[in-house]
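Structure file my_file13.pdb with PDB, C-alpha atoms and all ligand atoms:
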```
ATOM      1  CA  MET A 923     -75.199 121.683  13.612
ATOM      2  CA  SER A 924     -71.420 121.800  13.098
ATOM      3  CA  ASP A 925     -69.124 119.240  14.766
ATOM      4  CA  LYS A 926     -67.883 121.927  17.156
ATOM      5  CA  GLU A 927     -71.417 122.856  18.238
ATOM      6  CA  LYS A 928     -72.225 119.179  18.861
ATOM      7  CA  ASP A 929     -69.487 119.121  21.499
ATOM      8  CA  VAL A 930     -71.008 121.985  23.503
ATOM      9  CA  ASP A 931     -72.626 120.946  26.793
ATOM     10  CA  ARG A 932     -76.370 121.569  26.484
ATOM     11  CA  LEU A 933     -77.384 118.425  28.387
ATOM     12  CA  PHE A 934     -79.320 120.241  31.092
ATOM     13  CA  ARG A 935     -81.145 122.618  28.744
ATOM     14  CA  LEU A 936     -83.535 119.833  27.803
ATOM     15  CA  ASP A 937     -87.122 120.007  29.048
ATOM     16  CA  LYS A 938     -86.993 116.351  30.008
ATOM     17  CA  LEU A 939     -85.448 116.197  33.454
ATOM     18  CA  PRO A 940     -82.565 113.758  33.410
ATOM     19  CA  GLY A 941     -82.126 111.289  36.290
ATOM     20  CA  ASP A 942     -78.896 110.832  38.253
ATOM     21  CA  PHE A 943     -75.768 111.960  36.437
ATOM     22  CA  VAL A 944     -73.892 109.172  34.602
ATOM     23  CA  PHE A 945     -70.711 109.218  32.521
ATOM     24  CA  ASP A 946     -72.413 107.872  29.394
ATOM     25  CA  GLU A 947     -71.964 108.644  25.675
ATOM     26  CA  ASN A 948     -73.821 111.953  25.911
ATOM     27  CA  VAL A 949     -71.629 113.207  28.738
ATOM     28  CA  THR A 950     -68.491 111.869  27.029
ATOM     29  CA  ARG A 951     -69.339 113.777  23.811
ATOM     30  CA  VAL A 952     -69.503 117.147  25.601
ATOM     31  CA  PHE A 953     -67.120 116.318  28.467
ATOM     32  CA  GLU A 954     -64.277 118.696  27.625
ATOM     33  CA  ASP A 955     -66.590 121.652  27.208
ATOM     34  CA  MET A 956     -68.501 120.637  30.354
ATOM     35  CA  ILE A 957     -65.507 120.318  32.670
ATOM     36  CA  ASN A 958     -63.834 123.484  31.413
ATOM     37  CA  ARG A 959     -67.021 125.497  31.976
ATOM     38  CA  SER A 960     -67.918 123.759  35.270
ATOM     39  CA  VAL A 961     -64.681 123.569  37.256
ATOM     40  CA  PRO A 962     -63.019 126.919  37.959
ATOM     41  CA  GLY A 963     -59.298 126.555  37.301
ATOM     42  CA  TYR A 964     -59.558 123.155  35.567
ATOM     43  CA  SER A 965     -57.020 123.990  32.842
ATOM     44  CA  THR A 966     -54.592 125.444  35.405
ATOM     45  CA  ILE A 967     -54.940 122.401  37.668
ATOM     46  CA  VAL A 968     -54.307 119.996  34.795
ATOM     47  CA  ALA A 969     -51.271 121.948  33.570
ATOM     48  CA  MET A 970     -49.819 122.087  37.110
ATOM     49  CA  ILE A 971     -50.363 118.343  37.578
ATOM     50  CA  GLY A 972     -47.920 118.033  34.673
ATOM     51  CA  VAL A 973     -45.430 120.341  36.402
ATOM     52  CA  LEU A 974     -45.678 118.448  39.724
ATOM     53  CA  ALA A 975     -45.383 115.094  37.953
ATOM     54  CA  ASP A 976     -42.223 116.249  36.189
ATOM     55  CA  ARG A 977     -40.692 117.060  39.565
ATOM     56  CA  TYR A 978     -41.579 113.849  41.421
ATOM     57  CA  LEU A 979     -41.723 111.142  38.783
ATOM     58  CA  GLN A 980     -39.048 108.545  39.559
ATOM     59  CA  ALA A 981     -37.001 106.406  37.184
ATOM     60  CA  ASP A 982     -38.679 103.178  36.043
ATOM     61  CA  SER A 983     -41.849 103.902  37.989
ATOM     62  CA  ARG A 984     -45.525 104.253  37.124
ATOM     63  CA  VAL A 985     -47.992 107.106  36.961
ATOM     64  CA  TYR A 986     -51.649 106.268  37.619
ATOM     65  CA  ASP A 987     -54.426 108.582  36.391
ATOM     66  CA  LEU A 988     -57.467 107.251  38.270
ATOM     67  CA  GLY A 989     -60.815 108.289  36.768
ATOM     68  CA  CYS A 990     -58.962 109.590  33.726
ATOM     69  CA  SER A 991     -62.041 110.483  31.593
ATOM     70  CA  LEU A 992     -60.591 111.658  28.269
ATOM     71  CA  GLY A 993     -57.035 111.765  29.577
ATOM     72  CA  GLY A 994     -56.687 115.491  30.315
ATOM     73  CA  ALA A 995     -54.266 114.922  33.212
ATOM     74  CA  SER A 996     -52.466 112.044  31.439
ATOM     75  CA  PHE A 997     -51.731 114.151  28.375
ATOM     76  CA  ALA A 998     -50.548 117.087  30.507
ATOM     77  CA  ILE A 999     -48.149 114.718  32.291
ATOM     78  CA  CYS A1000     -46.800 113.268  29.040
ATOM     79  CA  GLU A1001     -46.265 116.760  27.691
ATOM     80  CA  SER A1002     -44.544 118.120  30.831
ATOM     81  CA  VAL A1003     -42.387 115.222  31.949
ATOM     82  CA  SER A1004     -38.887 115.319  30.529
ATOM     83  CA  ARG A1005     -37.875 111.746  31.402
ATOM     84  CA  SER A1006     -39.020 108.762  29.371
ATOM     85  CA  ASP A1007     -38.400 105.827  31.728
ATOM     86  CA  TYR A1008     -41.964 105.522  33.063
ATOM     87  CA  ASP A1009     -45.357 103.995  32.220
ATOM     88  CA  LEU A1010     -48.670 105.799  32.582
ATOM     89  CA  ILE A1011     -51.801 103.822  33.405
ATOM     90  CA  ALA A1012     -55.060 105.680  32.749
ATOM     91  CA  ILE A1013     -58.115 104.026  34.331
ATOM     92  CA  ASP A1014     -61.834 104.780  34.090
ATOM     93  CA  ASN A1015     -64.949 102.633  34.545
ATOM     94  CA  SER A1016     -66.955 104.474  31.869
ATOM     95  CA  PRO A1017     -66.852 102.461  28.622
ATOM     96  CA  ALA A1018     -67.729 105.596  26.624
ATOM     97  CA  MET A1019     -64.815 107.554  28.137
ATOM     98  CA  ILE A1020     -62.267 104.785  27.576
ATOM     99  CA  GLU A1021     -63.503 104.192  24.023
ATOM    100  CA  LYS A1022     -63.119 107.871  23.136
ATOM    101  CA  LEU A1023     -59.730 108.062  24.867
ATOM    102  CA  ASN A1024     -58.558 105.008  22.884
ATOM    103  CA  GLU A1025     -59.776 106.639  19.663
ATOM    104  CA  ARG A1026     -57.779 109.765  20.467
ATOM    105  CA  LEU A1027     -54.677 107.753  21.218
ATOM    106  CA  ALA A1028     -55.090 105.730  18.009
ATOM    107  CA  ALA A1029     -55.502 108.945  16.016
ATOM    108  CA  GLY A1030     -52.096 110.015  17.303
ATOM    109  CA  GLN A1031     -53.595 113.212  18.637
ATOM    110  CA  PHE A1032     -51.377 113.116  21.723
ATOM    111  CA  PRO A1033     -48.066 111.596  22.778
ATOM    112  CA  HIS A1034     -49.321 108.174  23.699
ATOM    113  CA  ASP A1035     -46.616 105.587  23.412
ATOM    114  CA  ARG A1036     -46.524 105.117  27.151
ATOM    115  CA  ILE A1037     -50.224 105.470  28.039
ATOM    116  CA  GLU A1038     -52.010 102.217  28.792
ATOM    117  CA  THR A1039     -55.786 102.572  29.205
ATOM    118  CA  ARG A1040     -57.862 100.294  31.415
ATOM    119  CA  LEU A1041     -61.634 100.000  31.650
ATOM    120  CA  GLU A1042     -61.807  99.220  35.344
ATOM    121  CA  ASP A1043     -63.373 100.226  38.654
ATOM    122  CA  ILE A1044     -60.573 101.952  40.564
ATOM    123  CA  ASN A1045     -61.818 100.241  43.726
ATOM    124  CA  GLN A1046     -60.451  97.039  42.155
ATOM    125  CA  SER A1047     -57.301  98.459  40.559
ATOM    126  CA  GLU A1048     -53.883  97.210  41.581
ATOM    127  CA  ILE A1049     -51.495 100.051  42.311
ATOM    128  CA  GLU A1050     -47.841  99.082  42.030
ATOM    129  CA  ASN A1051     -44.499 100.854  41.787
ATOM    130  CA  ALA A1052     -46.174 104.280  41.555
ATOM    131  CA  SER A1053     -44.324 107.552  42.031
ATOM    132  CA  VAL A1054     -47.209 109.801  40.872
ATOM    133  CA  VAL A1055     -50.901 109.062  41.404
ATOM    134  CA  VAL A1056     -53.645 111.414  40.214
ATOM    135  CA  LEU A1057     -57.255 111.514  41.411
ATOM    136  CA  ASN A1058     -58.385 114.616  39.525
ATOM    137  CA  PHE A1059     -62.050 115.125  40.526
ATOM    138  CA  THR A1060     -62.663 111.375  40.827
ATOM    139  CA  LEU A1061     -62.699 110.527  44.550
ATOM    140  CA  GLN A1062     -65.863 112.623  44.977
ATOM    141  CA  PHE A1063     -67.765 110.101  42.808
ATOM    142  CA  LEU A1064     -66.878 107.110  45.003
ATOM    143  CA  ASP A1065     -69.054 105.844  47.819
ATOM    144  CA  PRO A1066     -67.568 107.599  50.901
ATOM    145  CA  ALA A1067     -67.341 104.202  52.622
ATOM    146  CA  GLN A1068     -64.860 103.044  49.941
ATOM    147  CA  ARG A1069     -62.604 106.105  49.980
ATOM    148  CA  GLN A1070     -60.276 105.148  52.849
ATOM    149  CA  SER A1071     -59.478 101.729  51.422
ATOM    150  CA  LEU A1072     -58.677 103.230  48.009
ATOM    151  CA  ILE A1073     -56.350 105.824  49.559
ATOM    152  CA  GLN A1074     -54.671 103.068  51.592
ATOM    153  CA  ARG A1075     -54.125 100.899  48.499
ATOM    154  CA  ILE A1076     -52.656 103.901  46.696
ATOM    155  CA  TYR A1077     -50.289 104.576  49.623
ATOM    156  CA  ASP A1078     -49.262 100.925  49.806
ATOM    157  CA  GLY A1079     -48.581 100.827  46.052
ATOM    158  CA  MET A1080     -46.474 103.976  46.046
ATOM    159  CA  ARG A1081     -42.733 104.402  46.239
ATOM    160  CA  ASP A1082     -41.153 106.380  49.000
ATOM    161  CA  GLY A1083     -40.931 110.034  47.865
ATOM    162  CA  GLY A1084     -43.941 109.663  45.557
ATOM    163  CA  ILE A1085     -46.905 112.068  45.393
ATOM    164  CA  LEU A1086     -50.663 111.723  45.293
ATOM    165  CA  LEU A1087     -52.622 114.622  43.767
ATOM    166  CA  ILE A1088     -56.309 114.859  44.711
ATOM    167  CA  SER A1089     -58.636 117.505  43.255
ATOM    168  CA  GLU A1090     -62.163 117.722  44.644
ATOM    169  CA  LYS A1091     -65.237 119.836  45.065
ATOM    170  CA  ILE A1092     -65.189 120.665  48.786
ATOM    171  CA  LEU A1093     -67.586 121.580  51.585
ATOM    172  CA  PHE A1094     -66.957 124.228  54.213
ATOM    173  CA  PRO A1095     -67.847 123.512  57.854
ATOM    174  CA  ASP A1096     -68.882 127.166  58.267
ATOM    175  CA  ALA A1097     -72.421 127.464  56.795
ATOM    176  CA  LYS A1098     -71.987 131.107  55.817
ATOM    177  CA  LEU A1099     -68.781 130.443  53.902
ATOM    178  CA  ASN A1100     -70.261 127.328  52.333
ATOM    179  CA  GLU A1101     -73.179 129.357  50.989
ATOM    180  CA  LEU A1102     -70.872 132.144  49.803
ATOM    181  CA  PHE A1103     -68.600 129.792  47.838
ATOM    182  CA  ILE A1104     -71.544 127.946  46.273
ATOM    183  CA  GLU A1105     -73.054 131.275  45.187
ATOM    184  CA  LEU A1106     -69.743 132.449  43.766
ATOM    185  CA  TYR A1107     -69.413 129.111  41.982
ATOM    186  CA  HIS A1108     -72.872 129.437  40.446
ATOM    187  CA  GLY A1109     -71.915 132.974  39.350
ATOM    188  CA  PHE A1110     -68.838 131.447  37.665
ATOM    189  CA  LYS A1111     -71.050 128.930  35.836
ATOM    190  CA  GLN A1112     -73.393 131.689  34.677
ATOM    191  CA  SER A1113     -70.404 133.650  33.399
ATOM    192  CA  MET A1114     -69.464 130.515  31.432
ATOM    193  CA  GLY A1115     -72.857 130.527  29.682
ATOM    194  CA  TYR A1116     -74.967 128.162  31.799
ATOM    195  CA  SER A1117     -78.483 129.370  32.715
ATOM    196  CA  ARG A1118     -79.824 129.266  36.277
ATOM    197  CA  LEU A1119     -82.117 126.429  35.211
ATOM    198  CA  GLU A1120     -79.251 124.364  33.777
ATOM    199  CA  ILE A1121     -77.217 124.962  36.942
ATOM    200  CA  SER A1122     -80.042 123.857  39.201
ATOM    201  CA  ARG A1123     -80.886 120.772  37.065
ATOM    202  CA  LYS A1124     -77.253 119.668  37.028
ATOM    203  CA  ARG A1125     -77.045 120.215  40.781
ATOM    204  CA  ASN A1126     -80.040 117.919  41.286
ATOM    205  CA  ALA A1127     -78.623 115.272  38.956
ATOM    206  CA  LEU A1128     -75.340 115.259  40.885
ATOM    207  CA  GLU A1129     -76.981 115.235  44.328
ATOM    208  CA  ASN A1130     -76.591 111.481  44.982
ATOM    209  CA  VAL A1131     -73.601 110.970  42.726
ATOM    210  CA  LEU A1132     -71.001 113.598  43.656
ATOM    211  CA  ILE A1133     -70.508 113.640  47.427
ATOM    212  CA  PRO A1134     -68.124 116.419  48.490
ATOM    213  CA  GLU A1135     -66.348 116.491  51.848
ATOM    214  CA  PRO A1136     -64.582 119.175  53.885
ATOM    215  CA  LEU A1137     -60.820 119.518  53.457
ATOM    216  CA  ASP A1138     -60.329 118.199  56.986
ATOM    217  CA  SER A1139     -61.869 114.844  56.047
ATOM    218  CA  HIS A1140     -59.375 114.549  53.196
ATOM    219  CA  ARG A1141     -56.472 115.492  55.450
ATOM    220  CA  GLN A1142     -57.521 112.957  58.110
ATOM    221  CA  ARG A1143     -57.960 110.175  55.555
ATOM    222  CA  LEU A1144     -54.551 110.872  53.999
ATOM    223  CA  ALA A1145     -52.850 110.988  57.409
ATOM    224  CA  ALA A1146     -54.557 107.744  58.471
ATOM    225  CA  ALA A1147     -53.222 106.046  55.338
ATOM    226  CA  GLY A1148     -49.667 107.146  56.208
ATOM    227  CA  PHE A1149     -49.110 110.201  54.000
ATOM    228  CA  SER A1150     -46.758 112.615  55.754
ATOM    229  CA  SER A1151     -46.816 116.103  54.225
ATOM    230  CA  VAL A1152     -50.279 117.071  52.976
ATOM    231  CA  ASP A1153     -51.609 120.451  51.896
ATOM    232  CA  VAL A1154     -53.722 122.355  49.402
ATOM    233  CA  TRP A1155     -51.768 123.662  46.410
ATOM    234  CA  PHE A1156     -54.767 125.136  44.521
ATOM    235  CA  GLN A1157     -58.162 126.444  45.528
ATOM    236  CA  CYS A1158     -60.875 128.484  43.816
ATOM    237  CA  PHE A1159     -64.187 128.810  45.670
ATOM    238  CA  ASN A1160     -65.374 125.278  46.528
ATOM    239  CA  PHE A1161     -62.810 123.481  44.356
ATOM    240  CA  ALA A1162     -59.425 122.479  45.715
ATOM    241  CA  SER A1163     -56.449 120.319  44.888
ATOM    242  CA  LEU A1164     -54.207 118.672  47.477
ATOM    243  CA  VAL A1165     -50.760 117.178  47.280
ATOM    244  CA  ALA A1166     -49.760 114.347  49.633
ATOM    245  CA  PHE A1167     -46.271 112.855  49.988
ATOM    246  CA  LYS A1168     -45.346 109.342  50.892
ATOM    247  CA  GLN A1169     -42.225 109.765  52.970
ATOM    248  CA  GLN A1170     -41.530 106.873  55.262
ATOM    249  CA  ALA A1171     -39.616 107.655  58.429
ATOM    250  CA  SER A1172     -36.094 106.226  58.268
ATOM    251  CA  PRO A1173     -35.682 103.106  60.453
TER     252      PRO A1173
HETATM  253  C1  LIG B   1     -59.680 114.857  34.165
HETATM  254  N1  LIG B   1     -59.689 113.103  35.852
HETATM  255  O1  LIG B   1     -60.127 115.347  33.124
HETATM  256  N2  LIG B   1     -63.667 103.737  38.771
HETATM  257  C2  LIG B   1     -63.112 104.331  37.691
HETATM  258  N3  LIG B   1     -63.507 105.550  37.235
HETATM  259  C3  LIG B   1     -64.494 106.178  37.903
HETATM  260  C4  LIG B   1     -65.100 105.613  39.040
HETATM  261  C5  LIG B   1     -64.649 104.337  39.469
HETATM  262  N4  LIG B   1     -65.167 103.723  40.543
HETATM  263  N5  LIG B   1     -66.070 106.464  39.491
HETATM  264  C6  LIG B   1     -66.043 107.539  38.643
HETATM  265  N6  LIG B   1     -65.098 107.359  37.695
HETATM  266  C7  LIG B   1     -60.445 113.718  34.767
HETATM  267  C8  LIG B   1     -61.826 114.151  35.187
HETATM  268  S1  LIG B   1     -64.327 113.199  35.882
HETATM  269  C9  LIG B   1     -64.710 114.529  36.907
HETATM  270  C10 LIG B   1     -62.545 113.152  36.026
HETATM  271  C11 LIG B   1     -65.994 115.221  36.622
HETATM  272  C12 LIG B   1     -64.746 108.253  36.587
HETATM  273  C13 LIG B   1     -65.925 108.705  35.739
HETATM  274  O2  LIG B   1     -66.285 107.724  34.778
HETATM  275  C14 LIG B   1     -65.385 109.993  35.131
HETATM  276  O3  LIG B   1     -64.805 109.775  33.874
HETATM  277  C15 LIG B   1     -64.345 110.469  36.143
HETATM  278  O4  LIG B   1     -64.231 109.448  37.129
HETATM  279  C16 LIG B   1     -64.708 111.764  36.855
HETATM  280  O5  LIG B   1     -58.646 115.274  34.726
HETATM  281  O6  LIG B   1     -66.680 114.894  35.631
HETATM  282  O7  LIG B   1     -66.312 116.146  37.436
END
```
As a first step, turn the structure in this file into structure tokens.
Amino acid sequence: MSDKEKDVDRLFRLDKLPGDFVFDENVTRVFEDMINRSVPGYSTIVAMIGVLADRYLQADSRVYDLGCSLGGASFAICESVSRSDYDLIAIDNSPAMIEKLNERLAAGQFPHDRIETRLEDINQSEIENASVVVLNFTLQFLDPAQRQSLIQRIYDGMRDGGILLISEKILFPDAKLNELFIELYHGFKQSMGYSRLEISRKRNALENVLIPEPLDSHRQRLAAAGFSSVDVWFQCFNFASLVAFKQQASP
């Protein structure tokens, strides 16, 4: 098998049924192929995160990429942002992901002089002096009971005028629409080369691990934390990305 073929996601073709989904070495090896074939619009979302970051990144501030995996969003930001007076902190709690990201940075594959990687649970991360914070398909993997406190810590650690970008798989309160978007999503996965069996095995493996919420829950959580302007800037079927501004009222 060539190196390229080794990186193709065939994890759920195996006869042996895997247990709950984990971000281990096997997932890390095929991650780029997996996320590009599993999230409609992933490459557009990542590229636009770069565009939004370029617009809102403030002088001498920090960018946080929380649940960075292999640094897709971090690299897009480094490539799009024209200023150089910032630090980017890329955090993930998967040792395999951080190891591979460090290898990529060491190989000089990407502009990396300002990316600091941290192997850390984002529930414990300190957020300070941030003008751009990215949660690109990460919040959905946290225990729902921990989500509000993370969003609050992000808000508290952000500068006025900063943005939080949250991409998630979402639920629809209307059962008919929910079913429609899930079916359309499965059609998308089939068009990307996954079989019905692979789709259903992956769905089972993610059942207890990826817990999606309706957009309204995200809006309420962001408002409760203090974010002022919040809305969806991208959506395809049951995948959406929101932007939230920290804009404190003047005294
Ligand atoms: C991208 N943002 O390519 N602490 C730190 N990391 C976590 C935690 C946690 N508590 N829980 C999950 N993760 C990336 C894609 S993938 C999305 C993000 C997906 C990490 C987990 O290890 C994984 O690397 C990432 O969140 C989710 O733009 O696979 O659908």
- Task: Give the residue list for ligand LIG 1 (chain B) at 7 Å, counting all atoms listed in the file, as a PyMOL selection string, sorted by chain and then by residue number.
- Result: chain A and resi 945+957+968+987-995+1013-1016+1019+1042-1045+1057-1060+1063-1064
- Which is closest to A:Tyr986 among A:Ser1047, A:Ser1122, A:Gln1070, A:Ser1113, if we use all atoms listed in the file? A:Ser1047
- Query: Do you have the atom CA of A:Gly1083-atom CA of A:Gly1148 distance handy?
  - Reply: 12.4 Å
Taking the file above as input, evaluate the PyMOL selection byres (((chain A and resi 1114-1120) around 8) and not hetatm) and report the hits as a PDB file with C-alpha atoms, in the frame of the given file.
```pdb
ATOM      1  CA  PHE A 934     -79.320 120.241  31.092  1.00  0.00           C
ATOM      2  CA  ARG A 935     -81.145 122.618  28.744  1.00  0.00           C
ATOM      3  CA  ARG A 959     -67.021 125.497  31.976  1.00  0.00           C
ATOM      4  CA  SER A 960     -67.918 123.759  35.270  1.00  0.00           C
ATOM      5  CA  PHE A1110     -68.838 131.447  37.665  1.00  0.00           C
ATOM      6  CA  LYS A1111     -71.050 128.930  35.836  1.00  0.00           C
ATOM      7  CA  GLN A1112     -73.393 131.689  34.677  1.00  0.00           C
ATOM      8  CA  SER A1113     -70.404 133.650  33.399  1.00  0.00           C
ATOM      9  CA  ILE A1121     -77.217 124.962  36.942  1.00  0.00           C
ATOM     10  CA  SER A1122     -80.042 123.857  39.201  1.00  0.00           C
ATOM     11  CA  ARG A1123     -80.886 120.772  37.065  1.00  0.00           C
ATOM     12  CA  LYS A1124     -77.253 119.668  37.028  1.00  0.00           C
TER      13      LYS A1124
END
```
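The space between atom CA of A:Ile1092 and atom CA of A:Val1154 spans 11.6 Å.
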- Task: Could you expand the PyMOL selection byres (((chain A and resi 1168) around 10) and not hetatm) into the explicit residues it covers here, written as number ranges by chain?
- Result: A: 1053, 1077-1078, 1080-1086, 1144, 1147-1152, 1166-1167, 1169-1171
- Query: Given the choices A:Val961, A:Ala1018, A:Ala998, A:Asp955, which gets closest to A:Asp976 if the distance is worked out from all atoms listed in the file?
  - Reply: A:Ala998
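You can rank A:Ile1073, A:Ala1097, A:Ala1146, A:Ile1011 by their closest distance to A:Asp1035 using only C-alpha atoms, and at the top of that list sits A:Ile1011.
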- Message: For the provided coordinates, the residues matched by the PyMOL selection byres (((chain A and resi 1021) around 10) and not hetatm) should be stated as a count of residues only.
- Response: 17
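Using all atoms listed in the file, the nearest neighbour of A:Arg984 within the list A:Ala1028, A:Ile1037, A:Leu1087, A:Val944 is A:Ile1037.
The interatomic distance for the pair atom CA of A:Glu1038 and atom CA of A:Gln1068 works out to 24.8 Å.
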Give me the residues near A:Asn1160 as a short mmCIF file (atom, residue, chain, number, x, y, z; two decimals) with C-alpha atoms, in the coordinates of the input, where near means some atom within 10 Å (using only C-alpha atoms) and where sequence neighbours in that chain fewer than 2 positions away do not count.
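Once written, out04.cif looks like this:
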```cif
data_model
loop_
_atom_site.label_atom_id
_atom_site.label_comp_id
_atom_site.auth_asym_id
_atom_site.auth_seq_id
_atom_site.Cartn_x
_atom_site.Cartn_y
_atom_site.Cartn_z
CA VAL A 961 -64.68 123.57 37.26
CA PRO A 962 -63.02 126.92 37.96
CA GLU A 1090 -62.16 117.72 44.64
CA LYS A 1091 -65.24 119.84 45.06
CA ILE A 1092 -65.19 120.66 48.79
CA LEU A 1093 -67.59 121.58 51.58
CA PHE A 1094 -66.96 124.23 54.21
CA LEU A 1099 -68.78 130.44 53.90
CA ASN A 1100 -70.26 127.33 52.33
CA GLU A 1101 -73.18 129.36 50.99
CA LEU A 1102 -70.87 132.14 49.80
CA PHE A 1103 -68.60 129.79 47.84
CA ILE A 1104 -71.54 127.95 46.27
CA GLU A 1105 -73.05 131.28 45.19
CA LEU A 1106 -69.74 132.45 43.77
CA TYR A 1107 -69.41 129.11 41.98
CA PRO A 1134 -68.12 116.42 48.49
CA PRO A 1136 -64.58 119.18 53.88
CA GLN A 1157 -58.16 126.44 45.53
CA CYS A 1158 -60.88 128.48 43.82
CA ALA A 1162 -59.42 122.48 45.72
#
```
